[in-house]
Amino acid sequence: MAPKSDNSEGIVLNFVNEQNRPLNSQNVADSLQKFNLKKAAVQKALDTLADSGRISFKEYGKQKIYLARQDQFDIPNSEELNQMKEENTKLQEQLNEQRKAISEVEGEIKALQSNLTFEQILAKQANLRKEVEILEDKLTKMRGGVTLVSPEERKVVVGMYTDTINQWRRRKRMFKDVWDAITENSPKNLKDFKEELGIEYDEDVGVSLQSFCDQLQNGKKRVRGQ
């Protein structure tokens, strides 16, 4: 059921005053659909309000633009405007503080959500206990003299290690022969020349062929002593 004409005028008048901006009949009709007001009723109410002087209007060709009467509003002076600006600045600062506080709380919530639940902690604890049991079993076997590596496996590893050491020694010798031939009559400072070419000796990177050879010999002695 559509509102009565006087009631329609009151609804339209309140809306125009609340908006306090230029409006046409279509703007008003679209916004007041919830009151079951049709465009014709809205147009009639606007014209009645304009004719009675309760709202202002201007014509632009065939279109009428309606606006709330400005003399009904208190217009602040410059001092009041400055005060309003200061209050607005304070409110904006408070708003920023509230947003910051909300952001911090949201961060704490996310952090809490990322933590393990009690059930997950128990499951992780159970897995860690299993891993500890496996490691303790291995340690017990090692302390008891149980052979964890078979002689066949040891032989393969020692063979690979020995071959690598031999390759290392052979390449060092090849490099020394080439380097000596290049630098034999070179007027350049050998240290500067080496840095210029980007060459690094074993000692430059903290390794020693002899130390690896010693490890191989010590390993063979341990095997013979067992």
# chains A, B, ... in the order shown; residues from 1 in each chain; ligands from 1
$ select_by_dssp --residues "chain A" --states "helix (DSSP H, G or I)" --output "NGL selection string"
:A and (5-19 or 25-31 or 33-35 or 39-51 or 70-72 or 78-114 or 118-143 or 151-183 or 190-197 or 203-205 or 209-225)
$ residues_around --residues "stretch 197-210 of chain A" --least-positions-apart "3" --cutoff "12 Å" --atoms "only C-alpha atoms" --output "ChimeraX atom specification"
/A:162,164-173,175-176,179,190-194,213-217
$ write_last_selection --atoms "N, CA and C atoms" --output "PDB file, in the first residue's frame"
ATOM      1  N   THR A 162      90.139 -43.872  -2.144  1.00  0.00           N
ATOM      2  CA  THR A 162      91.504 -43.988  -2.660  1.00  0.00           C
ATOM      3  C   THR A 162      91.600 -43.446  -4.081  1.00  0.00           C
ATOM      4  N   THR A 164      89.730 -41.200  -5.469  1.00  0.00           N
ATOM      5  CA  THR A 164      89.610 -39.744  -5.419  1.00  0.00           C
ATOM      6  C   THR A 164      90.918 -39.092  -4.997  1.00  0.00           C
ATOM      7  N   ILE A 165      91.598 -39.685  -3.997  1.00  0.00           N
ATOM      8  CA  ILE A 165      92.881 -39.156  -3.545  1.00  0.00           C
ATOM      9  C   ILE A 165      93.922 -39.217  -4.674  1.00  0.00           C
ATOM     10  N   ASN A 166      93.921 -40.326  -5.404  1.00  0.00           N
ATOM     11  CA  ASN A 166      94.878 -40.474  -6.506  1.00  0.00           C
ATOM     12  C   ASN A 166      94.619 -39.442  -7.607  1.00  0.00           C
ATOM     13  N   GLN A 167      93.352 -39.220  -7.919  1.00  0.00           N
ATOM     14  CA  GLN A 167      93.000 -38.207  -8.924  1.00  0.00           C
ATOM     15  C   GLN A 167      93.455 -36.824  -8.473  1.00  0.00           C
ATOM     16  N   TRP A 168      93.225 -36.552  -7.200  1.00  0.00           N
ATOM     17  CA  TRP A 168      93.634 -35.260  -6.630  1.00  0.00           C
ATOM     18  C   TRP A 168      95.152 -35.076  -6.768  1.00  0.00           C
ATOM     19  N   ARG A 169      95.903 -36.104  -6.379  1.00  0.00           N
ATOM     20  CA  ARG A 169      97.365 -36.026  -6.434  1.00  0.00           C
ATOM     21  C   ARG A 169      97.847 -35.848  -7.876  1.00  0.00           C
ATOM     22  N   ARG A 170      97.211 -36.583  -8.829  1.00  0.00           N
ATOM     23  CA  ARG A 170      97.610 -36.516 -10.223  1.00  0.00           C
ATOM     24  C   ARG A 170      97.352 -35.124 -10.803  1.00  0.00           C
ATOM     25  N   ARG A 171      96.208 -34.549 -10.470  1.00  0.00           N
ATOM     26  CA  ARG A 171      95.873 -33.222 -10.997  1.00  0.00           C
ATOM     27  C   ARG A 171      96.770 -32.133 -10.413  1.00  0.00           C
ATOM     28  N   LYS A 172      97.145 -32.282  -9.146  1.00  0.00           N
ATOM     29  CA  LYS A 172      98.074 -31.322  -8.536  1.00  0.00           C
ATOM     30  C   LYS A 172      99.408 -31.344  -9.275  1.00  0.00           C
ATOM     31  N   ARG A 173      99.848 -32.565  -9.602  1.00  0.00           N
ATOM     32  CA  ARG A 173     101.135 -32.694 -10.291  1.00  0.00           C
ATOM     33  C   ARG A 173     101.052 -32.102 -11.708  1.00  0.00           C
ATOM     34  N   PHE A 175      99.007 -29.731 -12.739  1.00  0.00           N
ATOM     35  CA  PHE A 175      98.950 -28.274 -12.639  1.00  0.00           C
ATOM     36  C   PHE A 175     100.332 -27.683 -12.375  1.00  0.00           C
ATOM     37  N   LYS A 176     101.089 -28.353 -11.464  1.00  0.00           N
ATOM     38  CA  LYS A 176     102.413 -27.822 -11.120  1.00  0.00           C
ATOM     39  C   LYS A 176     103.323 -27.801 -12.349  1.00  0.00           C
ATOM     40  N   TRP A 179     102.088 -24.958 -14.632  1.00  0.00           N
ATOM     41  CA  TRP A 179     102.343 -23.658 -13.990  1.00  0.00           C
ATOM     42  C   TRP A 179     103.829 -23.302 -14.037  1.00  0.00           C
ATOM     43  N   LEU A 190     104.453 -13.732  -9.227  1.00  0.00           N
ATOM     44  CA  LEU A 190     103.659 -14.963  -9.310  1.00  0.00           C
ATOM     45  C   LEU A 190     102.374 -14.883  -8.484  1.00  0.00           C
ATOM     46  N   LYS A 191     102.436 -14.218  -7.341  1.00  0.00           N
ATOM     47  CA  LYS A 191     101.252 -14.095  -6.503  1.00  0.00           C
ATOM     48  C   LYS A 191     100.186 -13.252  -7.188  1.00  0.00           C
ATOM     49  N   ASP A 192     100.635 -12.123  -7.766  1.00  0.00           N
ATOM     50  CA  ASP A 192      99.685 -11.257  -8.475  1.00  0.00           C
ATOM     51  C   ASP A 192      99.130 -11.956  -9.712  1.00  0.00           C
ATOM     52  N   PHE A 193      99.990 -12.699 -10.402  1.00  0.00           N
ATOM     53  CA  PHE A 193      99.570 -13.407 -11.610  1.00  0.00           C
ATOM     54  C   PHE A 193      98.525 -14.479 -11.264  1.00  0.00           C
ATOM     55  N   LYS A 194      98.752 -15.152 -10.151  1.00  0.00           N
ATOM     56  CA  LYS A 194      97.810 -16.186  -9.709  1.00  0.00           C
ATOM     57  C   LYS A 194      96.445 -15.575  -9.385  1.00  0.00           C
ATOM     58  N   CYS A 213      95.160 -38.064   2.966  1.00  0.00           N
ATOM     59  CA  CYS A 213      95.962 -39.281   2.846  1.00  0.00           C
ATOM     60  C   CYS A 213      96.176 -39.921   4.213  1.00  0.00           C
ATOM     61  N   ASP A 214      96.408 -39.080   5.225  1.00  0.00           N
ATOM     62  CA  ASP A 214      96.601 -39.586   6.583  1.00  0.00           C
ATOM     63  C   ASP A 214      95.340 -40.269   7.089  1.00  0.00           C
ATOM     64  N   GLN A 215      94.191 -39.697   6.790  1.00  0.00           N
ATOM     65  CA  GLN A 215      92.931 -40.319   7.214  1.00  0.00           C
ATOM     66  C   GLN A 215      92.775 -41.696   6.595  1.00  0.00           C
ATOM     67  N   LEU A 216      93.170 -41.838   5.335  1.00  0.00           N
ATOM     68  CA  LEU A 216      93.076 -43.130   4.666  1.00  0.00           C
ATOM     69  C   LEU A 216      93.981 -44.156   5.337  1.00  0.00           C
ATOM     70  N   GLN A 217      95.215 -43.748   5.661  1.00  0.00           N
ATOM     71  CA  GLN A 217      96.144 -44.664   6.313  1.00  0.00           C
ATOM     72  C   GLN A 217      95.664 -45.046   7.708  1.00  0.00           C
TER      73      GLN A 217
END
$ residues_around --residues "A:Lys39" --least-positions-apart "3" --cutoff "10 Å" --atoms "only C-alpha atoms" --output "number ranges by chain"
A: 25-30, 32-33, 36, 42-45
$ write_last_selection --atoms "C-alpha atoms" --output "compact mmCIF listing (two decimals), in the first residue's frame"
# COMPACT_ATOMS: atom_id res chain seq x y z
CA SER A 25 13.35 12.87 -9.37
CA GLN A 26 14.96 9.62 -10.51
CA ASN A 27 17.63 9.84 -7.78
CA VAL A 28 14.95 10.30 -5.15
CA ALA A 29 12.66 7.58 -6.53
CA ASP A 30 15.51 5.04 -6.65
CA LEU A 32 12.96 5.65 -1.67
CA GLN A 33 11.83 2.37 -3.20
CA ASN A 36 6.87 1.81 -1.81
CA VAL A 42 7.89 11.19 -5.86
CA GLN A 43 7.69 13.72 -8.72
CA LYS A 44 4.39 15.06 -7.39
CA ALA A 45 5.80 15.41 -3.87
$ residues_around --residues "stretch 70-81 of chain A" --least-positions-apart "2" --cutoff "10 Å" --atoms "only C-alpha atoms" --output "ChimeraX atom specification"
/A:17,20,54-56,67-68,83-87
$ write_last_selection --atoms "N, CA and C atoms" --output "PDB file, in the first residue's frame"
ATOM      1  N   ASN A  17      16.481  16.831   2.624  1.00  0.00           N
ATOM      2  CA  ASN A  17      17.231  17.563   3.645  1.00  0.00           C
ATOM      3  C   ASN A  17      18.433  16.762   4.145  1.00  0.00           C
ATOM      4  N   ASN A  20      21.089  16.802   1.263  1.00  0.00           N
ATOM      5  CA  ASN A  20      21.626  18.157   1.103  1.00  0.00           C
ATOM      6  C   ASN A  20      22.586  18.251  -0.080  1.00  0.00           C
ATOM      7  N   ARG A  54       9.379  24.827   0.389  1.00  0.00           N
ATOM      8  CA  ARG A  54      10.063  24.049   1.424  1.00  0.00           C
ATOM      9  C   ARG A  54      11.369  23.422   0.907  1.00  0.00           C
ATOM     10  N   ILE A  55      11.520  23.329  -0.413  1.00  0.00           N
ATOM     11  CA  ILE A  55      12.806  22.950  -1.011  1.00  0.00           C
ATOM     12  C   ILE A  55      13.062  23.888  -2.187  1.00  0.00           C
ATOM     13  N   SER A  56      14.306  23.947  -2.631  1.00  0.00           N
ATOM     14  CA  SER A  56      14.670  24.781  -3.781  1.00  0.00           C
ATOM     15  C   SER A  56      14.763  23.905  -5.022  1.00  0.00           C
ATOM     16  N   LEU A  67      16.993  20.719  -4.398  1.00  0.00           N
ATOM     17  CA  LEU A  67      18.017  20.877  -3.377  1.00  0.00           C
ATOM     18  C   LEU A  67      17.368  21.373  -2.096  1.00  0.00           C
ATOM     19  N   ALA A  68      17.876  20.921  -0.965  1.00  0.00           N
ATOM     20  CA  ALA A  68      17.354  21.384   0.321  1.00  0.00           C
ATOM     21  C   ALA A  68      17.617  22.878   0.468  1.00  0.00           C
ATOM     22  N   GLN A  83      37.787  25.008  14.344  1.00  0.00           N
ATOM     23  CA  GLN A  83      37.571  24.089  15.453  1.00  0.00           C
ATOM     24  C   GLN A  83      37.144  22.710  14.943  1.00  0.00           C
ATOM     25  N   MET A  84      36.267  22.722  13.939  1.00  0.00           N
ATOM     26  CA  MET A  84      35.817  21.467  13.352  1.00  0.00           C
ATOM     27  C   MET A  84      36.985  20.728  12.703  1.00  0.00           C
ATOM     28  N   LYS A  85      37.885  21.477  12.055  1.00  0.00           N
ATOM     29  CA  LYS A  85      39.053  20.854  11.439  1.00  0.00           C
ATOM     30  C   LYS A  85      39.948  20.211  12.493  1.00  0.00           C
ATOM     31  N   GLU A  86      40.130  20.913  13.616  1.00  0.00           N
ATOM     32  CA  GLU A  86      40.957  20.366  14.694  1.00  0.00           C
ATOM     33  C   GLU A  86      40.329  19.091  15.249  1.00  0.00           C
ATOM     34  N   GLU A  87      39.009  19.141  15.455  1.00  0.00           N
ATOM     35  CA  GLU A  87      38.314  17.964  15.966  1.00  0.00           C
ATOM     36  C   GLU A  87      38.422  16.803  14.975  1.00  0.00           C
TER      37      GLU A  87
END
$ atom_distance --atom1 "atom CA of A:Lys138" --atom2 "atom CA of A:Glu153"
17.9 Å
$ atom_distance --atom1 "atom CA of A:Leu46" --atom2 "atom CA of A:Arg21"
14.3 Å
$ residues_around --residues "A:Gln63" --least-positions-apart "4" --cutoff "10 Å" --atoms "only C-alpha atoms" --output "ChimeraX atom specification"
/A:24-25,58-59
$ select_by_dssp --residues "stretch 2-190 of chain A" --states "strand (DSSP E or B)" --output "list in words"
Leu23, Ile55, Ser56, Phe57, Lys58, Glu59, Tyr60, Gln63, Lys64, Ile65, Tyr66, Leu67 and Ala68 of chain A
$ write_last_selection --atoms "C-alpha atoms" --output "PDB file, in the first residue's frame"
ATOM      1  CA  LEU A  23      18.945  15.571  -6.814  1.00  0.00           C
ATOM      2  CA  ILE A  55      12.806  22.950  -1.011  1.00  0.00           C
ATOM      3  CA  SER A  56      14.670  24.781  -3.781  1.00  0.00           C
ATOM      4  CA  PHE A  57      14.831  23.792  -7.414  1.00  0.00           C
ATOM      5  CA  LYS A  58      16.365  24.846 -10.693  1.00  0.00           C
ATOM      6  CA  GLU A  59      15.419  23.938 -14.217  1.00  0.00           C
ATOM      7  CA  TYR A  60      18.008  22.790 -16.733  1.00  0.00           C
ATOM      8  CA  GLN A  63      15.039  18.495 -16.186  1.00  0.00           C
ATOM      9  CA  LYS A  64      14.461  19.857 -12.690  1.00  0.00           C
ATOM     10  CA  ILE A  65      17.147  19.687 -10.026  1.00  0.00           C
ATOM     11  CA  TYR A  66      16.013  19.801  -6.410  1.00  0.00           C
ATOM     12  CA  LEU A  67      18.017  20.877  -3.377  1.00  0.00           C
ATOM     13  CA  ALA A  68      17.354  21.384   0.321  1.00  0.00           C
TER      14      ALA A  68
END
